[in-house]
>>> print(open('work.cif').read())   # mmCIF, C-alpha atoms
data_upload
loop_
_atom_site.label_atom_id
_atom_site.label_comp_id
_atom_site.auth_asym_id
_atom_site.auth_seq_id
_atom_site.Cartn_x
_atom_site.Cartn_y
_atom_site.Cartn_z
CA MET A 99 -180.27 190.40 75.53
CA LEU A 100 -178.45 190.46 72.19
CA HIS A 101 -179.97 192.99 69.78
CA VAL A 102 -179.70 192.06 66.09
CA THR A 103 -180.79 194.28 63.21
CA CYS A 104 -181.45 192.73 59.79
CA GLN A 105 -181.86 194.95 56.76
CA GLY A 106 -182.21 194.42 53.01
CA THR A 107 -183.39 191.43 51.01
CA PRO A 108 -183.56 188.05 52.76
CA SER A 109 -180.78 186.04 51.93
CA GLU A 110 -176.92 172.00 67.68
CA HIS A 111 -179.58 174.39 68.99
CA PHE A 112 -181.83 173.50 71.95
CA ALA A 113 -184.90 173.27 69.70
CA THR A 114 -183.40 170.68 67.36
CA GLY A 115 -182.41 168.54 70.33
CA LEU A 116 -185.94 168.90 71.70
CA ILE A 117 -187.45 167.76 68.40
CA ARG A 118 -185.20 164.74 68.13
CA GLY A 119 -185.86 163.78 71.75
CA LYS A 120 -189.61 164.37 71.78
CA THR A 121 -190.74 162.87 68.47
CA LYS A 122 -188.89 159.57 68.98
CA LYS A 123 -188.54 159.34 65.20
CA THR A 124 -185.44 157.93 63.57
CA GLU A 125 -183.04 160.36 61.91
CA ALA A 126 -184.10 159.01 58.51
CA GLU A 127 -187.78 159.65 59.29
CA LEU A 128 -187.03 163.18 60.51
CA GLN A 129 -184.98 163.96 57.43
CA GLN A 130 -187.73 162.69 55.14
CA LEU A 131 -190.32 164.90 56.82
CA LEU A 132 -187.93 167.85 56.88
CA ALA A 133 -187.31 167.46 53.16
CA GLN A 134 -191.06 167.60 52.53
CA LEU A 135 -191.51 170.66 54.73
CA GLU A 136 -188.54 172.37 53.08
CA GLN A 137 -189.87 171.70 49.59
CA VAL A 138 -193.31 173.06 50.49
CA MET A 139 -191.74 176.15 52.05
CA LYS A 140 -189.54 176.71 48.99
CA GLN A 141 -192.51 176.47 46.62
CA ARG A 142 -195.20 178.30 48.61
CA TRP A 143 -193.26 180.91 50.61
CA PRO A 144 -190.03 181.49 48.63
CA ARG A 145 -189.23 184.81 50.32
CA TYR A 146 -189.23 183.19 53.75
CA TYR A 147 -187.30 180.22 52.43
CA GLU A 148 -184.65 182.54 50.99
CA GLU A 149 -184.29 184.20 54.39
CA ILE A 150 -183.92 180.81 56.08
CA CYS A 151 -181.22 179.89 53.54
CA GLY A 152 -179.44 183.14 54.37
CA ILE A 153 -179.56 182.37 58.10
CA ALA A 154 -178.16 178.89 57.46
CA LYS A 155 -175.32 180.29 55.36
CA GLY A 156 -174.45 182.96 57.92
CA ALA A 157 -174.51 180.45 60.79
CA GLY A 158 -172.60 177.78 58.90
CA ARG A 159 -175.47 175.30 59.30
CA GLU A 160 -177.51 173.12 56.98
CA VAL A 161 -180.68 174.70 55.60
CA SER A 162 -182.65 171.72 56.94
CA GLU A 163 -181.60 172.63 60.49
CA ILE A 164 -183.02 176.15 60.16
CA VAL A 165 -186.17 174.74 58.56
CA MET A 166 -186.47 172.48 61.62
CA LEU A 167 -186.16 175.46 63.96
CA ASN A 168 -188.93 177.28 62.12
CA THR A 169 -191.20 174.22 62.17
CA ARG A 170 -190.50 173.22 65.78
CA THR A 171 -194.14 173.66 66.77
CA GLU A 172 -195.23 171.34 63.99
CA PHE A 173 -192.83 168.62 65.12
CA VAL A 174 -193.22 168.92 68.87
CA TYR A 175 -196.97 169.58 69.06
CA GLY A 176 -198.15 167.98 65.83
CA LEU A 177 -196.43 164.63 66.25
CA VAL A 178 -196.35 164.03 70.00
CA GLU A 179 -198.22 164.93 73.16
CA ALA A 180 -196.15 167.93 74.20
CA ARG A 181 -197.51 170.18 76.96
CA ASP A 182 -196.46 173.79 77.43
CA GLY A 183 -197.96 177.06 78.56
CA CYS A 184 -198.13 180.81 78.05
CA THR A 185 -200.69 183.44 79.06
CA THR A 186 -201.86 186.19 76.67
CA VAL A 187 -204.21 189.18 77.12
CA TYR A 188 -205.58 192.08 75.06
CA CYS A 189 -207.49 194.91 76.79
CA LYS A 190 -209.16 197.94 75.25
CA THR A 191 -208.61 201.12 77.26
CA PRO A 192 -210.31 204.55 76.97
CA ASN A 193 -207.50 205.85 74.74
CA GLY A 194 -206.33 202.72 72.95
CA ALA A 195 -205.33 199.25 74.12
CA LEU A 196 -202.81 197.21 76.09
CA GLN A 197 -201.65 193.77 75.01
CA GLY A 198 -199.15 191.34 76.44
CA GLN A 199 -198.03 187.90 77.44
CA ASN A 200 -195.77 185.81 79.59
CA TRP A 201 -193.77 183.50 77.33
CA ASP A 202 -193.20 180.26 79.22
CA PHE A 203 -190.91 177.52 77.96
CA PHE A 204 -187.99 175.30 78.92
CA THR A 205 -185.40 177.32 80.81
CA ALA A 206 -182.61 176.11 78.50
CA THR A 207 -184.18 178.17 75.71
CA LYS A 208 -183.44 181.44 77.48
CA GLU A 209 -179.88 181.64 76.19
CA ASN A 210 -181.18 181.46 72.60
CA LEU A 211 -183.49 184.48 72.90
CA ILE A 212 -182.59 187.58 70.91
CA ARG A 213 -184.07 191.00 70.29
CA LEU A 214 -184.48 191.33 66.53
CA THR A 215 -185.22 194.31 64.27
CA ILE A 216 -186.09 193.60 60.62
CA ARG A 217 -186.31 196.30 57.97
CA GLN A 218 -187.62 195.31 54.54
CA PRO A 219 -188.50 197.39 51.47
CA GLY A 220 -192.24 198.06 51.22
CA LEU A 221 -193.15 196.37 54.51
CA PRO A 222 -193.53 197.58 58.12
CA THR A 223 -190.38 197.42 60.23
CA ILE A 224 -190.55 194.57 62.76
CA LYS A 225 -189.26 194.43 66.32
CA MET A 226 -189.60 191.10 68.07
CA ILE A 227 -188.25 188.73 70.69
CA THR A 228 -187.44 185.43 69.05
CA GLU A 229 -185.09 182.49 69.24
CA ALA A 230 -181.98 182.78 67.09
CA GLY A 231 -182.79 181.34 63.66
CA ILE A 232 -186.59 181.64 63.93
CA ILE A 233 -188.01 184.27 61.55
CA GLY A 234 -191.34 184.99 63.27
CA LYS A 235 -192.28 185.14 66.95
CA VAL A 236 -193.58 187.68 69.52
CA GLY A 237 -193.35 191.37 68.72
CA PHE A 238 -194.86 194.35 66.91
CA ASN A 239 -194.31 196.54 63.86
CA SER A 240 -194.14 200.16 62.75
CA ALA A 241 -197.79 199.99 61.64
CA GLY A 242 -198.82 199.44 65.27
CA VAL A 243 -199.68 195.72 64.96
CA ALA A 244 -198.64 193.47 67.89
CA VAL A 245 -198.47 189.67 67.81
CA ASN A 246 -198.51 187.05 70.59
CA TYR A 247 -198.14 183.27 70.52
CA ASN A 248 -199.37 180.39 72.73
CA ALA A 249 -199.02 176.64 72.52
CA LEU A 250 -202.20 174.71 71.68
CA HIS A 251 -202.69 170.95 71.71
CA LEU A 252 -204.90 169.85 68.83
CA GLN A 253 -203.72 166.65 67.20
CA GLY A 254 -202.00 166.29 63.86
CA LEU A 255 -199.44 167.52 61.34
CA ARG A 256 -200.17 168.53 57.71
CA PRO A 257 -196.85 169.13 55.94
CA THR A 258 -198.46 171.17 53.15
CA GLY A 259 -200.02 173.66 55.58
CA LEU A 260 -198.66 176.97 56.84
CA PRO A 261 -196.19 176.57 59.76
CA SER A 262 -197.13 178.76 62.71
CA HIS A 263 -193.82 180.66 62.86
CA LEU A 264 -194.32 181.70 59.24
CA ALA A 265 -197.87 182.77 60.14
CA LEU A 266 -196.43 184.91 62.94
CA ARG A 267 -194.10 186.56 60.43
CA MET A 268 -197.03 187.23 58.08
CA ALA A 269 -198.92 188.87 60.92
CA LEU A 270 -195.87 191.00 61.77
CA GLU A 271 -195.72 192.17 58.16
CA SER A 272 -199.38 193.26 58.16
CA THR A 273 -200.74 196.78 58.57
CA SER A 274 -203.78 195.75 60.67
CA PRO A 275 -205.11 192.75 62.60
CA SER A 276 -207.82 192.29 59.94
CA GLU A 277 -205.19 192.17 57.20
CA ALA A 278 -203.17 189.67 59.21
CA TYR A 279 -206.22 187.45 59.69
CA GLU A 280 -207.13 187.52 56.01
CA GLU A 281 -203.56 186.80 54.92
CA ILE A 282 -203.26 183.78 57.22
CA VAL A 283 -206.68 182.43 56.22
CA SER A 284 -205.83 182.84 52.52
CA GLN A 285 -202.98 180.33 52.85
CA GLY A 286 -205.49 177.48 52.83
CA GLY A 287 -204.87 175.95 56.24
CA MET A 288 -202.25 175.41 58.91
CA ALA A 289 -199.64 172.70 59.38
CA ALA A 290 -200.26 172.06 63.10
CA SER A 291 -201.98 173.63 66.10
CA ALA A 292 -201.19 176.85 67.98
CA PHE A 293 -202.78 180.14 69.06
CA ILE A 294 -201.88 183.58 67.66
CA MET A 295 -203.21 186.91 68.91
CA VAL A 296 -202.99 189.98 66.67
CA GLY A 297 -203.99 193.44 67.95
CA ASN A 298 -203.62 197.19 67.52
CA ALA A 299 -205.17 200.21 69.19
CA HIS A 300 -208.54 199.58 67.53
CA GLU A 301 -209.11 195.83 67.18
CA ALA A 302 -207.76 192.40 68.05
CA TYR A 303 -208.33 188.79 67.10
CA GLY A 304 -207.25 185.49 68.53
CA LEU A 305 -206.68 182.62 66.12
CA GLU A 306 -207.01 179.05 67.39
CA PHE A 307 -205.96 176.61 64.71
CA SER A 308 -205.11 173.01 63.92
CA PRO A 309 -204.32 171.17 60.66
CA ILE A 310 -208.05 170.89 59.98
CA SER A 311 -209.57 174.00 61.56
CA LEU A 312 -209.09 177.72 62.16
CA ARG A 313 -211.36 179.65 64.52
CA LYS A 314 -211.43 183.36 65.33
CA GLN A 315 -211.67 184.58 68.94
CA VAL A 316 -213.07 188.10 69.28
CA ALA A 317 -212.99 190.52 72.18
CA ASP A 318 -215.67 190.21 74.87
CA ALA A 319 -218.11 192.94 75.92
CA ASN A 320 -215.31 194.64 77.88
CA GLY A 321 -212.99 194.70 74.88
CA ARG A 322 -210.79 191.90 76.25
CA ILE A 323 -209.28 188.67 74.95
CA VAL A 324 -207.68 186.17 77.34
CA HIS A 325 -206.03 182.95 76.25
CA THR A 326 -203.82 180.29 77.78
CA ASN A 327 -203.25 176.81 76.29
CA HIS A 328 -206.57 175.05 75.90
CA CYS A 329 -209.26 175.52 73.25
CA LEU A 330 -211.94 178.08 73.99
CA LEU A 331 -213.69 177.62 70.64
CA ASN A 332 -215.44 174.64 69.04
CA HIS A 333 -213.23 172.98 66.44
CA GLY A 334 -215.65 170.17 65.60
CA PRO A 335 -215.68 166.45 66.39
CA SER A 336 -212.65 165.67 64.20
CA ALA A 337 -210.31 168.00 66.13
CA GLN A 338 -208.96 166.12 69.13
CA GLU A 339 -207.31 168.16 71.87
CA ARG A 340 -204.38 166.40 73.51
CA ASN A 341 -204.21 166.76 77.27
CA PRO A 342 -203.13 170.39 77.88
CA LEU A 343 -201.46 171.27 81.15
CA PRO A 344 -204.09 171.39 83.93
CA ASP A 345 -202.85 174.84 84.94
CA SER A 346 -204.03 176.22 81.59
CA TRP A 347 -207.53 176.40 83.07
CA SER A 348 -206.38 177.79 86.40
CA ARG A 349 -204.24 180.48 84.74
CA HIS A 350 -207.13 181.44 82.45
CA GLY A 351 -209.52 181.70 85.38
CA ARG A 352 -207.02 183.58 87.51
CA MET A 353 -206.37 186.14 84.78
CA GLY A 354 -210.10 186.65 84.37
CA HIS A 355 -210.39 187.24 88.12
CA LEU A 356 -207.51 189.73 88.11
CA LEU A 357 -209.00 191.61 85.16
CA SER A 358 -212.29 192.04 87.03
CA GLY A 359 -210.49 194.61 89.17
CA PHE A 360 -208.29 196.05 86.43
CA ASP A 361 -208.30 199.88 86.36
CA GLY A 362 -207.07 200.27 82.77
CA THR A 363 -203.62 201.68 83.59
CA LYS A 364 -200.36 200.38 82.18
CA GLU A 365 -198.96 200.00 85.69
CA ALA A 366 -201.83 197.75 86.75
CA PHE A 367 -201.59 195.78 83.50
CA ALA A 368 -197.88 195.16 84.18
CA LYS A 369 -198.68 193.77 87.64
CA LEU A 370 -200.98 191.12 86.18
CA TRP A 371 -197.98 189.22 84.83
CA GLU A 372 -196.25 189.04 88.22
CA ASP A 373 -199.06 187.00 89.80
CA GLU A 374 -197.90 183.83 91.62
CA ASP A 375 -201.25 182.32 92.60
CA ASN A 376 -200.94 178.50 92.32
CA TYR A 377 -197.12 178.74 92.30
CA PRO A 378 -195.06 177.33 90.58
CA VAL A 379 -197.58 176.82 87.75
CA SER A 380 -198.82 180.38 88.10
CA ILE A 381 -199.23 183.14 85.51
CA CYS A 382 -195.66 184.07 86.51
CA ARG A 383 -194.37 180.54 86.08
CA ALA A 384 -191.34 179.08 87.85
CA TYR A 385 -189.31 175.93 87.33
CA GLU A 386 -189.69 173.37 90.11
CA GLU A 387 -188.61 169.76 89.75
CA GLY A 388 -191.59 167.44 89.45
CA LYS A 389 -194.12 170.29 89.38
CA SER A 390 -193.18 172.71 86.61
CA ARG A 391 -190.65 171.86 83.91
CA GLY A 392 -190.44 175.40 82.54
CA SER A 393 -190.66 179.02 83.63
CA THR A 394 -191.55 182.47 82.33
CA LEU A 395 -188.60 183.44 80.13
CA PHE A 396 -189.86 186.90 79.25
CA ASN A 397 -192.84 189.20 79.62
CA ILE A 398 -193.83 191.70 76.95
CA VAL A 399 -196.39 194.51 77.29
CA PHE A 400 -197.49 196.51 74.24
CA ASP A 401 -198.83 200.01 74.82
CA HIS A 402 -200.83 200.77 71.68
CA VAL A 403 -201.16 204.45 72.62
CA CYS A 404 -197.40 205.04 72.76
CA ARG A 405 -196.69 202.33 70.17
CA GLU A 406 -193.97 200.80 72.29
CA ALA A 407 -193.31 197.48 73.98
CA THR A 408 -191.67 196.96 77.38
CA VAL A 409 -189.82 193.66 77.75
CA ARG A 410 -188.81 192.07 81.04
CA VAL A 411 -186.38 189.21 80.51
CA GLY A 412 -186.85 186.38 82.98
CA ARG A 413 -189.70 186.18 85.48
CA PRO A 414 -191.36 189.65 85.47
CA ASN A 415 -191.50 189.93 89.26
CA ASN A 416 -187.69 189.74 89.33
CA PRO A 417 -186.42 190.42 85.81
CA ASP A 418 -182.83 189.97 84.69
CA GLU A 419 -183.15 192.87 82.26
CA THR A 420 -185.79 195.42 81.23
CA PHE A 421 -185.87 197.43 78.01
CA VAL A 422 -188.28 199.26 75.72
CA MET A 423 -188.71 198.61 72.01
CA ALA A 424 -190.11 201.53 70.04
CA PHE A 425 -189.87 203.27 66.69
CA GLY A 426 -188.42 206.67 65.82
CA ASP A 427 -186.54 208.71 68.39
CA GLN A 428 -187.28 206.22 71.19
CA ASN A 429 -185.69 203.34 69.30
CA ASN A 430 -182.92 202.65 71.80
CA ARG A 431 -184.22 203.50 75.26
CA SER A 432 -182.14 201.84 77.96
CA ALA A 433 -183.17 199.74 80.90
CA SER A 434 -182.78 202.72 83.22
CA GLN A 435 -185.42 204.58 81.19
CA ALA A 436 -187.84 201.70 80.96
CA LYS A 437 -190.91 202.37 83.06
CA ILE A 438 -193.77 199.96 83.50
#
>>> encode(input="work.cif", output="structure tokens")
Amino acid sequence: MLHVTCQGTPSEHFATGLIRGKTKKTEAELQQLLAQLEQVMKQRWPRYYEEICGIAKGAGREVSEIVMLNTRTEFVYGLVEARDGCTTVYCKTPNGALQGQNWDFFTATKENLIRLTIRQPGLPTIKMITEAGIIGKVGFNSAGVAVNYNALHLQGLRPTGLPSHLALRMALESTSPSEAYEEIVSQGGMAASAFIMVGNAHEAYGLEFSPISLRKQVADANGRIVHTNHCLLNHGPSAQERNPLPDSWSRHGRMGHLLSGFDGTKEAFAKLWEDEDNYPVSICRAYEEGKSRGSTLFNIVFDHVCREATVRVGRPNNPDETFVMAFGDQNNRSASQAKI
């Protein structure tokens, strides 16, 4: 996987094709909505907007295209009945915590994934797996905060709200899960629906949100949070959930079953993500025509004791590549050194 390092002040992709194909809006309608989203971003989050402008300039693309990438969730899930899946878990252990997810999406997206390091003055350094051009996704920072992301299917789009990829970036710039939660809540509401998990060695929260609601999921009595792609919390009668994938419930139940025998070790935690029960729509998802339109594109496991993340690119039971992201002397450990 390409490793890109960004440092200093911020200065036709699969996702844009997906948006144009899924929303069924005319180009004029898309451009009108994009212009509104861009103006809101420029006014409310100028630092992120400046970074997006820098990406556009460096890539030789229009700023509106990079805005579209960073608001893909809002277009694809806010405007239409899109259905996708990921599985996310946080587990307290005797010495700290383990956190991870399988990121499942269209297989064509795999070639756009990059490993990104961002260093900014006065903020924690970020290491994440993202899609080229998207400024916030799945990763962790030098303060020990890890962030995960799942699709959710509550109806609606509010152009003046916070886009979820910007919320992910905010969380990755925070020094604790509590700070991340407060920062996101302080923005006054979200643009569309999604689920974000934020954790460190001491605490974790799940955030289910839509354009009209934001609910906090806390750890259970065993110190665990499990989430897939359907709502676990009550968002009120005005929040309508649009037909999530049926396997969201089966994956959630299966992960709960697997965790009932979990021994707390990193090795056992890693095995959870390889599970193929209910294949191909299993926790370790596979593409199969007519049954599963996507697959697991990467697995990430955060060890909050060691403050490192092990990434397996592709399906974790047969990865294409494995590497460790860490800070300090372990910054560049190779695949041959990656143990999970």
>>> closest_atom_pairs(input="work.cif", of="segment 323-424 of chain A", to="segment 296-315 of chain A", cutoff="9 Å", atoms="all atoms listed in the file", output="Markdown table")
| residue | atom | partner | partner_atom | distance |
| --- | --- | --- | --- | --- |
| A:Ile323 | CA | A:Gly304 | CA | 7.4 |
| A:Val324 | CA | A:Gly304 | CA | 8.8 |
| A:His325 | CA | A:Gly304 | CA | 8.2 |
| A:Cys329 | CA | A:Glu306 | CA | 7.2 |
| A:Leu330 | CA | A:Gln315 | CA | 8.2 |
| A:Leu331 | CA | A:Arg313 | CA | 6.9 |
| A:Asn332 | CA | A:Arg313 | CA | 7.9 |
| A:His333 | CA | A:Ser311 | CA | 6.2 |
| A:Gly334 | CA | A:Ser311 | CA | 8.2 |
| A:Ser336 | CA | A:Ile310 | CA | 8.1 |
| A:Ala337 | CA | A:Ile310 | CA | 7.2 |
| A:Asp401 | CA | A:Ala299 | CA | 8.5 |
| A:His402 | CA | A:Ala299 | CA | 5.0 |
| A:Val403 | CA | A:Ala299 | CA | 6.8 |
| A:Arg405 | CA | A:Ala299 | CA | 8.8 |
>>> resolve_selection(input="work.cif", expression="the PyMOL selection byres ((chain A and resi 362) around 10)", output="ChimeraX atom specification")
/A:189-193,195-196,357,359-361,363-367
>>> resolve_selection(input="work.cif", expression="the PyMOL selection byres ((chain A and resi 264) around 9)", output="list in words")
Trp143, Tyr146, Asn168, Thr169, Ile233, Gly234, Lys235, Leu260, Pro261, Ser262, His263, Ala265, Leu266, Arg267, Met268 and Ala269 of chain A
>>> closest_residue(input="work.cif", among="A:Gly198, A:Pro219, A:Gly183, A:Gly321", to="Thr394 of chain A", atoms="only C-alpha atoms")
A:Gly183
>>> residues_near_point(input="work.cif", point="(-201.0, 181.9, 87.1)", cutoff="9 Å", atoms="all atoms listed in the file", output="PyMOL selection string")
chain A and resi 185+345-346+348-353+371-383
>>> resolve_selection(input="work.cif", expression="the PyMOL selection byres ((chain A and resi 246) around 8)", output="short mmCIF file (atom, residue, chain, number, x, y, z; two decimals) with C-alpha atoms, in the frame of the given file")
data_model
loop_
_atom_site.label_atom_id
_atom_site.label_comp_id
_atom_site.auth_asym_id
_atom_site.auth_seq_id
_atom_site.Cartn_x
_atom_site.Cartn_y
_atom_site.Cartn_z
CA THR A 186 -201.86 186.19 76.67
CA GLY A 198 -199.15 191.34 76.44
CA GLN A 199 -198.03 187.90 77.44
CA LYS A 235 -192.28 185.14 66.95
CA VAL A 236 -193.58 187.68 69.52
CA GLY A 237 -193.35 191.37 68.72
CA ALA A 244 -198.64 193.47 67.89
CA VAL A 245 -198.47 189.67 67.81
CA TYR A 247 -198.14 183.27 70.52
CA ASN A 248 -199.37 180.39 72.73
CA ILE A 294 -201.88 183.58 67.66
CA MET A 295 -203.21 186.91 68.91
CA VAL A 296 -202.99 189.98 66.67
#
>>> residues_near_point(input="work.cif", point="(-193.2, 195.5, 75.5)", cutoff="10 Å", atoms="all atoms listed in the file", output="PDB file with C-alpha atoms, in the frame of the given file")
ATOM      1  CA  LEU A 196    -202.810 197.210  76.090  1.00  0.00           C
ATOM      2  CA  GLN A 197    -201.650 193.770  75.010  1.00  0.00           C
ATOM      3  CA  GLY A 198    -199.150 191.340  76.440  1.00  0.00           C
ATOM      4  CA  GLN A 199    -198.030 187.900  77.440  1.00  0.00           C
ATOM      5  CA  MET A 226    -189.600 191.100  68.070  1.00  0.00           C
ATOM      6  CA  ILE A 227    -188.250 188.730  70.690  1.00  0.00           C
ATOM      7  CA  VAL A 236    -193.580 187.680  69.520  1.00  0.00           C
ATOM      8  CA  GLY A 237    -193.350 191.370  68.720  1.00  0.00           C
ATOM      9  CA  PHE A 238    -194.860 194.350  66.910  1.00  0.00           C
ATOM     10  CA  ALA A 244    -198.640 193.470  67.890  1.00  0.00           C
ATOM     11  CA  ALA A 368    -197.880 195.160  84.180  1.00  0.00           C
ATOM     12  CA  PHE A 396    -189.860 186.900  79.250  1.00  0.00           C
ATOM     13  CA  ASN A 397    -192.840 189.200  79.620  1.00  0.00           C
ATOM     14  CA  ILE A 398    -193.830 191.700  76.950  1.00  0.00           C
ATOM     15  CA  VAL A 399    -196.390 194.510  77.290  1.00  0.00           C
ATOM     16  CA  PHE A 400    -197.490 196.510  74.240  1.00  0.00           C
ATOM     17  CA  ASP A 401    -198.830 200.010  74.820  1.00  0.00           C
ATOM     18  CA  ARG A 405    -196.690 202.330  70.170  1.00  0.00           C
ATOM     19  CA  GLU A 406    -193.970 200.800  72.290  1.00  0.00           C
ATOM     20  CA  ALA A 407    -193.310 197.480  73.980  1.00  0.00           C
ATOM     21  CA  THR A 408    -191.670 196.960  77.380  1.00  0.00           C
ATOM     22  CA  VAL A 409    -189.820 193.660  77.750  1.00  0.00           C
ATOM     23  CA  ARG A 410    -188.810 192.070  81.040  1.00  0.00           C
ATOM     24  CA  THR A 420    -185.790 195.420  81.230  1.00  0.00           C
ATOM     25  CA  PHE A 421    -185.870 197.430  78.010  1.00  0.00           C
ATOM     26  CA  VAL A 422    -188.280 199.260  75.720  1.00  0.00           C
ATOM     27  CA  MET A 423    -188.710 198.610  72.010  1.00  0.00           C
ATOM     28  CA  ALA A 424    -190.110 201.530  70.040  1.00  0.00           C
ATOM     29  CA  ALA A 436    -187.840 201.700  80.960  1.00  0.00           C
ATOM     30  CA  ILE A 438    -193.770 199.960  83.500  1.00  0.00           C
TER      31      ILE A 438
END
>>> atom_distance(input="work.cif", atom1="atom CA of Asn210 of chain A", atom2="atom CA of Ile232 of chain A")
10.2 Å
>>> residues_around(input="work.cif", residues="Tyr175 of chain A", least_positions_apart="4", cutoff="9 Å", atoms="all atoms listed in the file", output="list of chain:residue names")
A:Arg170, A:Thr171, A:Glu179, A:Ala180, A:Arg181, A:Ala249, A:Leu250, A:His251, A:Leu252, A:Gln253, A:Gly254, A:Leu255, A:Ala290, A:Ser291, A:Ala292
>>> residues_around(input="work.cif", residues="Pro222 of chain A", least_positions_apart="6", cutoff="9 Å", atoms="all atoms listed in the file", output="PyMOL selection string")
chain A and resi 216+239-241+270-273
>>> decode(input="work.cif", residues="segment 240-256 of chain A", atoms="N, CA and C atoms", output="mmCIF file, in the first residue's frame")
data_model
loop_
_atom_site.group_PDB
_atom_site.id
_atom_site.type_symbol
_atom_site.label_atom_id
_atom_site.label_comp_id
_atom_site.auth_asym_id
_atom_site.auth_seq_id
_atom_site.Cartn_x
_atom_site.Cartn_y
_atom_site.Cartn_z
ATOM 1 N N SER A 240 -0.944 10.017 17.816
ATOM 2 C CA SER A 240 0.156 9.917 18.776
ATOM 3 C C SER A 240 -0.292 10.133 20.215
ATOM 4 N N ALA A 241 -1.540 10.563 20.410
ATOM 5 C CA ALA A 241 -2.109 10.670 21.758
ATOM 6 C C ALA A 241 -2.774 9.374 22.195
ATOM 7 N N GLY A 242 -2.768 8.356 21.336
ATOM 8 C CA GLY A 242 -3.335 7.058 21.682
ATOM 9 C C GLY A 242 -4.812 6.909 21.384
ATOM 10 N N VAL A 243 -5.387 7.812 20.589
ATOM 11 C CA VAL A 243 -6.815 7.770 20.243
ATOM 12 C C VAL A 243 -6.986 7.055 18.904
ATOM 13 N N ALA A 244 -7.852 6.044 18.863
ATOM 14 C CA ALA A 244 -8.134 5.286 17.638
ATOM 15 C C ALA A 244 -9.569 5.530 17.192
ATOM 16 N N VAL A 245 -9.775 5.519 15.882
ATOM 17 C CA VAL A 245 -11.067 5.882 15.301
ATOM 18 C C VAL A 245 -11.484 4.849 14.255
ATOM 19 N N ASN A 246 -12.742 4.410 14.330
ATOM 20 C CA ASN A 246 -13.323 3.481 13.353
ATOM 21 C C ASN A 246 -14.592 4.083 12.758
ATOM 22 N N TYR A 247 -15.061 3.469 11.666
ATOM 23 C CA TYR A 247 -16.128 4.086 10.874
ATOM 24 C C TYR A 247 -16.985 3.012 10.229
ATOM 25 N N ASN A 248 -18.316 3.095 10.422
ATOM 26 C CA ASN A 248 -19.269 2.167 9.815
ATOM 27 C C ASN A 248 -20.362 2.935 9.094
ATOM 28 N N ALA A 249 -20.884 2.354 8.036
ATOM 29 C CA ALA A 249 -22.066 2.910 7.383
ATOM 30 C C ALA A 249 -23.282 2.745 8.286
ATOM 31 N N LEU A 250 -24.171 3.730 8.235
ATOM 32 C CA LEU A 250 -25.464 3.671 8.924
ATOM 33 C C LEU A 250 -26.501 4.180 7.932
ATOM 34 N N HIS A 251 -27.781 3.904 8.175
ATOM 35 C CA HIS A 251 -28.772 4.089 7.121
ATOM 36 C C HIS A 251 -29.993 4.876 7.586
ATOM 37 N N LEU A 252 -29.753 5.959 8.317
ATOM 38 C CA LEU A 252 -30.839 6.853 8.695
ATOM 39 C C LEU A 252 -31.030 7.894 7.594
ATOM 40 N N GLN A 253 -32.266 8.206 7.312
ATOM 41 C CA GLN A 253 -32.619 9.001 6.148
ATOM 42 C C GLN A 253 -32.206 10.463 6.292
ATOM 43 N N GLY A 254 -31.827 11.076 5.150
ATOM 44 C CA GLY A 254 -31.729 12.521 5.099
ATOM 45 C C GLY A 254 -30.344 13.099 4.894
ATOM 46 N N LEU A 255 -30.308 14.326 4.389
ATOM 47 C CA LEU A 255 -29.093 15.094 4.183
ATOM 48 C C LEU A 255 -29.353 16.533 4.621
ATOM 49 N N ARG A 256 -28.477 17.059 5.474
ATOM 50 C CA ARG A 256 -28.556 18.468 5.926
ATOM 51 C C ARG A 256 -27.254 19.153 5.521
#
